[in-house]
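Written out below as structure tokens is the structure these notes cover.
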Amino acid sequence: MLLALGSGCANPTRGPIVFFLDGAGWYASGGAVESGLRKAGYKGGYDVFVWSSFLGPAPDHFITANSKVVARRLAEKIELVRKNDASGAINVMGLSAGTAVILSALEELPDGVQVDNVVLLSPSVSAERDLTAIMRHVRRNLYATCSTHDGIVGSLAVNADGKPGPPAGEHGFKFPRKGSAEAHAAYARVINIPWQPSFASFDWSGSHTGVTSGDFIAAVIAPRIFSTDPYPLDRPVVQRLASGSGR
Amino acid sequence: MMRILLRASFVVVWGAMLPGCSVGKSYNEGRRAEDRGEPHVAYDQYCKAAATTRGGAPASGMARVRASASAYWESQALLEMDAGNYGEAWRMLMKALDIQPNSTTTAQLIRQIELQHHDQIASARTEWMRRGPVALASALKPPRREQIEPAPLEPDTPDKPVDEMSQVAMASPAPKPSTSKEQDDSTTSPNAELRLSRRPPAEIPERENPVEEPGRDERDSVYQEPSVRLTPAPVEQVPEKPIVRPTTQRPDDEAPRAKVVTRKPARPPIRKPDVRDGGRSEFIVMESMSLTDKSLSRGMAAIEGITILLRDTDDDDEADFDLYMGKERMKKIRGLKLGRSAVFAGPSGALYRLTLLGIHHKSRTVRVGIRPA
């Protein structure tokens, strides 16, 4: 616990940096995610942002994940790095309820402060959450993995962000019903990555925490966030909607 | 009461076993395809099995054949590009990337084709956006009719949205590459740099060290980044011309793609001088060779009776060649770098320059040109 707290206290001040937030009451994914990123050739900084109350999954999920104080702490860290390094890459990744903290932190960022990519692994936030304002703080893309085989998000009574609707970790984010032009532009950069059988060979069987497998991160996530070019397999929510996919 | 319970338990047990049988069947098909040296078929069968098991042996199988299956689709895509089928080529490249998502070179190739042939791939891309991975090329799906056989199209049936998380294409013969294209097309295609010509295996010396199937020698390099680089050929800048595609050359009883690619179409090598640019073209012979792509030969008849045999490629974009006169080796060329040349003399005393125009290490494929030194 001390080690985890210690790593959270270290203040990275320059990019490239990846911030990772673990799930509620779950403190074991940071290492696998980092090893996956390193395996893909990432040499920048990696910071596990500890947001847990250490009181167990339920308090983390229902209370701490929604805490504005915690979100503000992460936002300040991001702001500090951006202030010191205007062009350095900042990628923010999180698992499950940690994704709720990420979205809240992005909302807390001042105007003009942006991260590069956001990766939400098995997000236990509402699929109907409007990401339009949040995407103003994302330079490139927001990725969200989802799986119908995820037994945890499939059984959630309340989303970690407290908002209604099915969790995004099940079928991905949905385009808002009354989407403005800005929403269209924003959701053109929101990309759901649904589980598919081929991911089993990268050690993600569709389970809730299996998505943090180093192999999956190295093969599927890293090429998306460390390349400056558009990734061909990306299917943004807006384009899928326009093509009639409905999802 | 006991009888009813027994019957009920019998139904439950069978119900539980049936999906397992289906998974086992796909997995066994995959193993057989892997043993046959068809990694692309094996991958799709393992994938089908993994849709239910979500791990275990099918996942290991996919990991084993991943690199070879991806290389297969990439090489098939190059053939489709050569034939001007950019939509199908795009589907195949996307399939290759779907199999090996961290292949930066495949991603680059897709971006390139999207940029250069945006209109031709528009429908394939729309279908991909709508349906996801099931819209890509598959070894288990029938050929796309409009791509392979432009003759009477069947009326379109409205596609239903498909959940790519669970759907796997049904088993059926694999699509067949378009092999009926005339040879001249290969000299007029806008993708001269990606062209792969085919030639008969005659007059090629026996292999001293048979090349292993890619499914075998690449099993351990699951996460290796391929070193493919497709470089533009320095010559053959010819104006684009519409490609005339045959409409009725494909008999119904033709073999499926997976088997057809093992044939080497009996056609002579491309060796006519290019005079379209007023005779300024440098290369008098240009040809592709491959150690693993069975649709290409390993050697080529060069000039003055000299035969060039591809020995090896490596990931530094270098290739090794042996030059034969009859059965006698007359010259070794080792470590020829991409874009570099090696000079050799013909029996007449004339000097020629062998240039490495392109190399695709993952499929052990090269393209070379020969010109007077």
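Residue names in the structure tokens use chain letters A, B, ... in the order shown, residue numbers from 1 in each chain, and ligand numbers from 1 in the order shown.
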* Asked: as a count of residues only, which residues of stretch 8-57 of chain A does DSSP assign to strand (DSSP E)?
  -> 9
Could you give me, as JSON lines, every chain A residue with an atom at most 10 Å from chain B, plus its closest atom pair and distance in Å to one decimal, counting only C-alpha atoms, rows ordered by chain then number?
{"residue": "A:Lys39", "atom": "CA", "partner": "B:Tyr223", "partner_atom": "CA", "distance": 9.2}
{"residue": "A:Ala40", "atom": "CA", "partner": "B:Asn102", "partner_atom": "CA", "distance": 8.3}
{"residue": "A:Cys146", "atom": "CA", "partner": "B:Met165", "partner_atom": "CA", "distance": 9.5}
{"residue": "A:Ser147", "atom": "CA", "partner": "B:Met165", "partner_atom": "CA", "distance": 7.5}
{"residue": "A:Thr148", "atom": "CA", "partner": "B:Met165", "partner_atom": "CA", "distance": 7.7}
{"residue": "A:His149", "atom": "CA", "partner": "B:Met165", "partner_atom": "CA", "distance": 9.3}
{"residue": "A:His171", "atom": "CA", "partner": "B:Met165", "partner_atom": "CA", "distance": 9.6}
{"residue": "A:Ile193", "atom": "CA", "partner": "B:Met165", "partner_atom": "CA", "distance": 9.8}
{"residue": "A:Pro194", "atom": "CA", "partner": "B:Met165", "partner_atom": "CA", "distance": 6.3}
{"residue": "A:Trp195", "atom": "CA", "partner": "B:Met165", "partner_atom": "CA", "distance": 5.5}
{"residue": "A:Gln196", "atom": "CA", "partner": "B:Met165", "partner_atom": "CA", "distance": 4.6}
{"residue": "A:Pro197", "atom": "CA", "partner": "B:Ala51", "partner_atom": "CA", "distance": 4.8}
{"residue": "A:Ser198", "atom": "CA", "partner": "B:Cys47", "partner_atom": "CA", "distance": 5.8}
{"residue": "A:Phe199", "atom": "CA", "partner": "B:Ala59", "partner_atom": "CA", "distance": 8.3}
{"residue": "A:Ala200", "atom": "CA", "partner": "B:Gly55", "partner_atom": "CA", "distance": 5.3}
{"residue": "A:Ser201", "atom": "CA", "partner": "B:Ala59", "partner_atom": "CA", "distance": 4.3}
{"residue": "A:Phe202", "atom": "CA", "partner": "B:Ala63", "partner_atom": "CA", "distance": 7.7}
{"residue": "A:Asp203", "atom": "CA", "partner": "B:Gly55", "partner_atom": "CA", "distance": 7.4}
{"residue": "A:Trp204", "atom": "CA", "partner": "B:Gly55", "partner_atom": "CA", "distance": 8.0}
{"residue": "A:Ser205", "atom": "CA", "partner": "B:Arg54", "partner_atom": "CA", "distance": 4.9}
{"residue": "A:Gly206", "atom": "CA", "partner": "B:Arg54", "partner_atom": "CA", "distance": 7.3}
{"residue": "A:Ser207", "atom": "CA", "partner": "B:Arg54", "partner_atom": "CA", "distance": 9.5}
{"residue": "A:Asp215", "atom": "CA", "partner": "B:Tyr223", "partner_atom": "CA", "distance": 8.7}
{"residue": "A:Phe216", "atom": "CA", "partner": "B:Pro101", "partner_atom": "CA", "distance": 9.8}
{"residue": "A:Ala218", "atom": "CA", "partner": "B:Asn102", "partner_atom": "CA", "distance": 7.7}
{"residue": "A:Ala219", "atom": "CA", "partner": "B:Asn102", "partner_atom": "CA", "distance": 5.0}
{"residue": "A:Val220", "atom": "CA", "partner": "B:Pro101", "partner_atom": "CA", "distance": 5.8}
{"residue": "A:Ile221", "atom": "CA", "partner": "B:Asn102", "partner_atom": "CA", "distance": 8.8}
{"residue": "A:Ala222", "atom": "CA", "partner": "B:Asn102", "partner_atom": "CA", "distance": 7.9}
{"residue": "A:Pro223", "atom": "CA", "partner": "B:Asn102", "partner_atom": "CA", "distance": 5.6}
{"residue": "A:Arg224", "atom": "CA", "partner": "B:Asn102", "partner_atom": "CA", "distance": 8.7}
{"residue": "A:Ser227", "atom": "CA", "partner": "B:Thr104", "partner_atom": "CA", "distance": 8.9}
{"residue": "A:Asp229", "atom": "CA", "partner": "B:Arg111", "partner_atom": "CA", "distance": 8.7}
{"residue": "A:Pro230", "atom": "CA", "partner": "B:Arg111", "partner_atom": "CA", "distance": 8.3}
{"residue": "A:Tyr231", "atom": "CA", "partner": "B:Ala107", "partner_atom": "CA", "distance": 7.0}
{"residue": "A:Pro232", "atom": "CA", "partner": "B:Ala107", "partner_atom": "CA", "distance": 6.3}
{"residue": "A:Leu233", "atom": "CA", "partner": "B:Met94", "partner_atom": "CA", "distance": 7.2}
{"residue": "A:Asp234", "atom": "CA", "partner": "B:Met129", "partner_atom": "CA", "distance": 8.9}
{"residue": "A:Arg235", "atom": "CA", "partner": "B:Met129", "partner_atom": "CA", "distance": 6.0}
{"residue": "A:Pro236", "atom": "CA", "partner": "B:Met129", "partner_atom": "CA", "distance": 8.4}
{"residue": "A:Val237", "atom": "CA", "partner": "B:Met129", "partner_atom": "CA", "distance": 9.4}
{"residue": "A:Val238", "atom": "CA", "partner": "B:Met129", "partner_atom": "CA", "distance": 9.8}
{"residue": "A:Gln239", "atom": "CA", "partner": "B:Met129", "partner_atom": "CA", "distance": 6.6}
{"residue": "A:Arg240", "atom": "CA", "partner": "B:Met129", "partner_atom": "CA", "distance": 5.2}
{"residue": "A:Leu241", "atom": "CA", "partner": "B:Arg130", "partner_atom": "CA", "distance": 7.9}
{"residue": "A:Ala242", "atom": "CA", "partner": "B:Arg130", "partner_atom": "CA", "distance": 8.4}
{"residue": "A:Ser243", "atom": "CA", "partner": "B:Arg130", "partner_atom": "CA", "distance": 5.2}
{"residue": "A:Gly244", "atom": "CA", "partner": "B:Arg130", "partner_atom": "CA", "distance": 5.8}
{"residue": "A:Ser245", "atom": "CA", "partner": "B:Arg130", "partner_atom": "CA", "distance": 4.4}
{"residue": "A:Gly246", "atom": "CA", "partner": "B:Pro161", "partner_atom": "CA", "distance": 7.6}
{"residue": "A:Arg247", "atom": "CA", "partner": "B:Arg130", "partner_atom": "CA", "distance": 8.7}
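Ranking A:Ile63, A:Ala188, A:Ala24, A:Ile17 by their shortest atom-to-atom distance to A:Leu142, with only C-alpha atoms included, puts A:Ala188 first.
Once B:Ala71 and its same-chain neighbours fewer than 4 positions away are set aside, Ala67, Ser75, Ala96, Lys362 and Ser363 of chain B remain within 8 Å of it when counting only C-alpha atoms.
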* Structure fact -> One decimal place gives the atom CA of A:Ser35-atom CA of A:Gly214 separation as 5.8 Å
* **Exercise: B:Met330 partners within 10 Å, only C-alpha atoms, chain neighbours under 2 positions left out, as a ChimeraX atom specification** => /B:306-307,322-328,332,344-346
* Pick from A:Phe49, A:Phe54, A:Phe173, A:Phe19, whichever lies nearest to A:Leu37 using only C-alpha atoms -> A:Phe19
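The closest residue to A:Pro16, picked from A:Gly112, A:Gly94, A:Gly169, A:Gly88 and counting only C-alpha atoms, is A:Gly88.
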